[in-house]
Amino acid sequence: MRTAARFAVGLRLEDVAVARGGRTILADVSLTLAPRETLLVKGRNGAGKTTLLRAIAGLLPVERGRIALTNAGSEAQDRRGHAIYAGHADALKPALTVRENLAFWAKLHRAPIARIEEALAALDLASLADQPAARLSAGQKRRAGLTRLVLSGKPLWLLDEPAAAIDADSLARLTGLVKAHCDKGGAAIIATHDRISLPSARAVIVGPEATA
Ligand SMILES: Nc1ncnc2c1ncn2[C@@H]1O[C@H](COP(=O)(O)OP(=O)(O)OP(=O)(O)O)[C@@H](O)[C@H]1O
């Protein structure tokens with residue numbers, strides 16, 4: 001039987017190092033994230049924000065150190081089961097409609113069918129649901145890709161530059177969604193250069209400026 005992911009999870013990183021292409025990109029990264037908390041990850045281009053998020057998601061191996069979920073119980077330490085990474089690629093199949101794309105992801109995440117409409121509404125996509133994804137604008141594609149957060153039902157949201165291409169209203173809608181997710185016990189880490197207004201969020205910097 002499949003064990004449901006526990007909803008309230010936090011995260012602890014201890015002296016984490018991550019390499020890409022044989023080069024150490026991140027070294028000695030330590031941080032904590034409590035359930036209900038949002039962390040903004042800042043840093044210059046190439047500083048390692050995406051690398052950090054992908055390592056937390058379990059999509060990149062850790063060279064040294066430790067990444068652990070907290071508050072998840074000893075039987076629930078698989079990060080892939082608890083974290084959803086929404087990256088630069090929207091992963092849409094262009095020939096499928098928006099709703100069909102969401103249905104594909106819902107199946108992947110074993111989400112109830114009702115969550116498809118919930119996700120469409122959450123990203124203001126109901127009026128575009130029957131459009132082929134190929135016809136969406138860049139910002140609309142981005143919003144469609146972000147529905148994976150809602151569809152996954154996972155507690156730890158990892159958002160990589162979610163503000164890219166989306167307008168101010170959509171960004172406000174997204175930050176509201178993140179806040180509501182954290183109010184329910186979830187947690188979020190957002191890699192961003194700017195524009196995200198979440199007054200309760202903490203910020204950390206990766207890269208050379210981190211020690212400045
Ligand atoms: N597949 C890869 N193989 C080798 N090196 C990589 C790979 N992807 C990224 N890198 C390198 O890792 C470093 C960190 O990249 P990363 O994408 O994590 O930075 P970032 O802080 O997210 O940057 P940006 O603000 O531009 O999105 C960069 O120097 C980059 O060249």
# chains A, B, ... in the order shown; residues from 1 in each chain; ligands from 1
>>> residues_near_ligand(ligand="ligand 1", cutoff="12 Å", atoms="only C-alpha atoms and all ligand atoms", output="ChimeraX atom specification")
/A:18-27,41-55,59-60,87-88,159-162,164,190-194,205-209
>>> write_last_selection(atoms="C-alpha atoms", output="PDB file, in the first residue's frame")
ATOM      1  CA  VAL A  18      26.825  19.744  -4.630  1.00  0.00           C
ATOM      2  CA  ALA A  19      28.906  19.299  -7.782  1.00  0.00           C
ATOM      3  CA  ARG A  20      27.880  19.620 -11.415  1.00  0.00           C
ATOM      4  CA  GLY A  21      30.040  18.587 -14.330  1.00  0.00           C
ATOM      5  CA  GLY A  22      32.825  17.665 -11.899  1.00  0.00           C
ATOM      6  CA  ARG A  23      32.905  21.163 -10.367  1.00  0.00           C
ATOM      7  CA  THR A  24      31.715  21.966  -6.844  1.00  0.00           C
ATOM      8  CA  ILE A  25      28.925  24.525  -7.231  1.00  0.00           C
ATOM      9  CA  LEU A  26      27.685  24.680  -3.644  1.00  0.00           C
ATOM     10  CA  ALA A  27      29.799  24.082  -0.536  1.00  0.00           C
ATOM     11  CA  VAL A  41      16.809  31.853  -2.174  1.00  0.00           C
ATOM     12  CA  LYS A  42      18.717  34.724  -3.708  1.00  0.00           C
ATOM     13  CA  GLY A  43      22.048  35.004  -5.457  1.00  0.00           C
ATOM     14  CA  ARG A  44      23.628  36.055  -8.713  1.00  0.00           C
ATOM     15  CA  ASN A  45      23.249  34.245 -12.045  1.00  0.00           C
ATOM     16  CA  GLY A  46      25.108  30.956 -11.762  1.00  0.00           C
ATOM     17  CA  ALA A  47      25.350  31.173  -7.962  1.00  0.00           C
ATOM     18  CA  GLY A  48      23.663  27.790  -7.563  1.00  0.00           C
ATOM     19  CA  LYS A  49      19.995  28.492  -6.764  1.00  0.00           C
ATOM     20  CA  THR A  50      18.654  25.914  -9.234  1.00  0.00           C
ATOM     21  CA  THR A  51      21.354  23.478  -8.149  1.00  0.00           C
ATOM     22  CA  LEU A  52      20.242  23.866  -4.523  1.00  0.00           C
ATOM     23  CA  LEU A  53      16.570  23.327  -5.313  1.00  0.00           C
ATOM     24  CA  ARG A  54      17.283  20.304  -7.481  1.00  0.00           C
ATOM     25  CA  ALA A  55      19.476  18.764  -4.781  1.00  0.00           C
ATOM     26  CA  LEU A  59      17.134  15.334  -8.536  1.00  0.00           C
ATOM     27  CA  LEU A  60      20.864  15.942  -8.042  1.00  0.00           C
ATOM     28  CA  GLY A  87      11.512  24.501 -12.632  1.00  0.00           C
ATOM     29  CA  HIS A  88      12.180  26.568 -15.715  1.00  0.00           C
ATOM     30  CA  LEU A 159       9.770  27.000  -7.047  1.00  0.00           C
ATOM     31  CA  ASP A 160      12.516  28.021  -9.437  1.00  0.00           C
ATOM     32  CA  GLU A 161      12.071  31.595 -10.671  1.00  0.00           C
ATOM     33  CA  PRO A 162       8.269  31.344 -10.673  1.00  0.00           C
ATOM     34  CA  ALA A 164       9.582  34.673 -14.852  1.00  0.00           C
ATOM     35  CA  ILE A 190      11.512  29.982  -3.887  1.00  0.00           C
ATOM     36  CA  ALA A 191      14.579  30.813  -5.963  1.00  0.00           C
ATOM     37  CA  THR A 192      14.083  34.330  -7.174  1.00  0.00           C
ATOM     38  CA  HIS A 193      15.902  37.443  -8.264  1.00  0.00           C
ATOM     39  CA  ASP A 194      13.182  39.844  -7.179  1.00  0.00           C
ATOM     40  CA  ILE A 205      21.792  34.056  -0.288  1.00  0.00           C
ATOM     41  CA  VAL A 206      23.851  31.432  -2.110  1.00  0.00           C
ATOM     42  CA  GLY A 207      27.141  31.979  -3.898  1.00  0.00           C
ATOM     43  CA  PRO A 208      30.006  34.387  -3.211  1.00  0.00           C
ATOM     44  CA  GLU A 209      27.738  37.019  -1.603  1.00  0.00           C
TER      45      GLU A 209
END
>>> residues_around(residues="segment 179-183 of chain A", least_positions_apart="2", cutoff="12 Å", atoms="only C-alpha atoms", output="ChimeraX atom specification")
/A:7-10,33-39,122,149-150,153-157,172-177,185-189,196-201
>>> write_last_selection(atoms="C-alpha atoms", output="compact mmCIF listing (two decimals), in the first residue's frame")
# COMPACT_ATOMS: atom_id res chain seq x y z
CA PHE A 7 1.70 17.22 5.16
CA ALA A 8 3.65 19.23 7.74
CA VAL A 9 7.30 18.87 6.87
CA GLY A 10 10.38 20.98 7.35
CA LEU A 33 13.09 25.38 7.04
CA ALA A 34 10.23 24.89 9.46
CA PRO A 35 6.77 23.67 8.49
CA ARG A 36 4.63 26.70 7.46
CA GLU A 37 7.71 28.65 6.47
CA THR A 38 8.75 30.15 3.12
CA LEU A 39 12.38 30.69 2.23
CA ALA A 122 -5.83 28.43 -8.59
CA LEU A 149 2.40 22.32 -7.30
CA VAL A 150 -1.31 22.02 -6.55
CA GLY A 153 -0.48 17.36 -3.15
CA LYS A 154 3.08 17.43 -1.79
CA PRO A 155 3.99 19.48 1.26
CA LEU A 156 7.34 20.92 0.18
CA TRP A 157 7.10 23.24 -2.82
CA ALA A 172 -0.01 38.06 -6.62
CA ARG A 173 -2.23 35.01 -7.17
CA LEU A 174 0.82 32.72 -6.94
CA THR A 175 2.13 34.30 -3.74
CA GLY A 176 -1.38 33.95 -2.27
CA LEU A 177 -1.30 30.29 -3.20
CA GLY A 185 1.29 23.30 7.20
CA GLY A 186 3.22 23.11 3.93
CA ALA A 187 6.56 24.80 3.28
CA ALA A 188 8.09 26.48 0.26
CA ILE A 189 11.48 27.44 -1.09
CA ILE A 196 8.25 38.30 -4.88
CA SER A 197 6.42 39.99 -2.05
CA LEU A 198 6.00 37.62 0.88
CA PRO A 199 6.64 39.67 4.02
CA SER A 200 6.77 36.62 6.29
CA ALA A 201 9.40 34.87 4.14
>>> select_by_dssp(residues="segment 38-187 of chain A", states="helix (DSSP H, G or I)", output="ChimeraX atom specification")
/A:49-57,79-82,98-108,114-122,126-128,133-135,138-152,168-183
>>> write_last_selection(atoms="C-alpha atoms", output="compact mmCIF listing (two decimals), in the first residue's frame")
# COMPACT_ATOMS: atom_id res chain seq x y z
CA LYS A 49 19.99 28.49 -6.76
CA THR A 50 18.65 25.91 -9.23
CA THR A 51 21.35 23.48 -8.15
CA LEU A 52 20.24 23.87 -4.52
CA LEU A 53 16.57 23.33 -5.31
CA ARG A 54 17.28 20.30 -7.48
CA ALA A 55 19.48 18.76 -4.78
CA ILE A 56 16.74 19.31 -2.19
CA ALA A 57 14.23 17.71 -4.56
CA ARG A 79 12.42 13.73 -0.34
CA ARG A 80 11.04 12.86 -3.77
CA GLY A 81 7.85 11.68 -2.09
CA HIS A 82 7.42 14.96 -0.23
CA VAL A 98 -4.28 22.53 -20.84
CA ARG A 99 -6.80 20.31 -19.07
CA GLU A 100 -5.34 17.17 -20.69
CA ASN A 101 -1.87 18.18 -19.54
CA LEU A 102 -3.17 18.64 -16.02
CA ALA A 103 -4.97 15.29 -16.20
CA PHE A 104 -1.65 13.67 -17.17
CA TRP A 105 0.08 15.19 -14.14
CA ALA A 106 -2.86 14.36 -11.88
CA LYS A 107 -2.50 10.72 -12.89
CA LEU A 108 1.25 10.87 -12.33
CA ALA A 114 -11.41 17.17 -8.59
CA ARG A 115 -7.96 18.60 -8.04
CA ILE A 116 -7.64 19.36 -11.78
CA GLU A 117 -10.40 21.99 -11.59
CA GLU A 118 -8.94 23.26 -8.32
CA ALA A 119 -5.54 23.70 -9.97
CA LEU A 120 -7.02 25.40 -13.05
CA ALA A 121 -8.86 27.86 -10.82
CA ALA A 122 -5.83 28.43 -8.59
CA ALA A 126 -10.20 27.84 -16.45
CA SER A 127 -10.90 29.91 -19.56
CA LEU A 128 -7.86 28.39 -21.30
CA ALA A 133 -0.81 24.07 -24.81
CA ALA A 134 1.05 25.01 -28.00
CA ARG A 135 -1.19 28.09 -28.31
CA ALA A 138 4.88 32.30 -22.30
CA GLY A 139 3.22 33.52 -19.10
CA GLN A 140 0.21 31.25 -19.59
CA LYS A 141 2.56 28.28 -20.09
CA ARG A 142 4.38 29.21 -16.93
CA ARG A 143 1.09 29.34 -14.99
CA ALA A 144 0.07 25.97 -16.45
CA GLY A 145 3.41 24.48 -15.36
CA LEU A 146 2.88 25.83 -11.85
CA THR A 147 -0.36 23.84 -11.50
CA ARG A 148 1.93 20.87 -10.78
CA LEU A 149 2.40 22.32 -7.30
CA VAL A 150 -1.31 22.02 -6.55
CA LEU A 151 -1.77 18.72 -8.38
CA SER A 152 1.11 17.02 -6.59
CA ALA A 168 1.70 41.20 -11.66
CA ASP A 169 -1.84 39.84 -11.05
CA SER A 170 -0.68 36.27 -11.66
CA LEU A 171 2.29 36.76 -9.37
CA ALA A 172 -0.01 38.06 -6.62
CA ARG A 173 -2.23 35.01 -7.17
CA LEU A 174 0.82 32.72 -6.94
CA THR A 175 2.13 34.30 -3.74
CA GLY A 176 -1.38 33.95 -2.27
CA LEU A 177 -1.30 30.29 -3.20
CA VAL A 178 2.09 29.80 -1.56
CA LYS A 179 0.89 31.57 1.58
CA ALA A 180 -2.28 29.44 1.77
CA HIS A 181 -0.15 26.29 1.27
CA CYS A 182 2.13 27.28 4.15
CA ASP A 183 -0.81 28.27 6.36
>>> select_by_dssp(residues="segment 82-151 of chain A", states="strand (DSSP E or B)", output="VMD selection string")
chain A and resid 83 to 86 97 132
>>> write_last_selection(atoms="C-alpha atoms", output="PDB file, in the first residue's frame")
ATOM      1  CA  ALA A  83       8.828  17.630  -2.526  1.00  0.00           C
ATOM      2  CA  ILE A  84       7.686  18.967  -5.884  1.00  0.00           C
ATOM      3  CA  TYR A  85      10.112  20.948  -8.015  1.00  0.00           C
ATOM      4  CA  ALA A  86       8.597  23.415 -10.494  1.00  0.00           C
ATOM      5  CA  THR A  97      -5.042  20.846 -24.131  1.00  0.00           C
ATOM      6  CA  PRO A 132      -3.869  23.253 -26.892  1.00  0.00           C
TER       7      PRO A 132
END
>>> closest_residue(among="A:Leu96, A:Ala203, A:Ala163, A:Gly65", to="Asp15 of chain A", atoms="only C-alpha atoms")
A:Gly65
>>> atom_distance(atom1="atom CA of Leu31 of chain A", atom2="atom CA of Ala17 of chain A")
12.5 Å
>>> atom_distance(atom1="atom CA of Thr70 of chain A", atom2="atom CA of Arg12 of chain A")
6.7 Å
>>> atom_distance(atom1="atom CA of Ala95 of chain A", atom2="atom CA of His109 of chain A")
21.0 Å
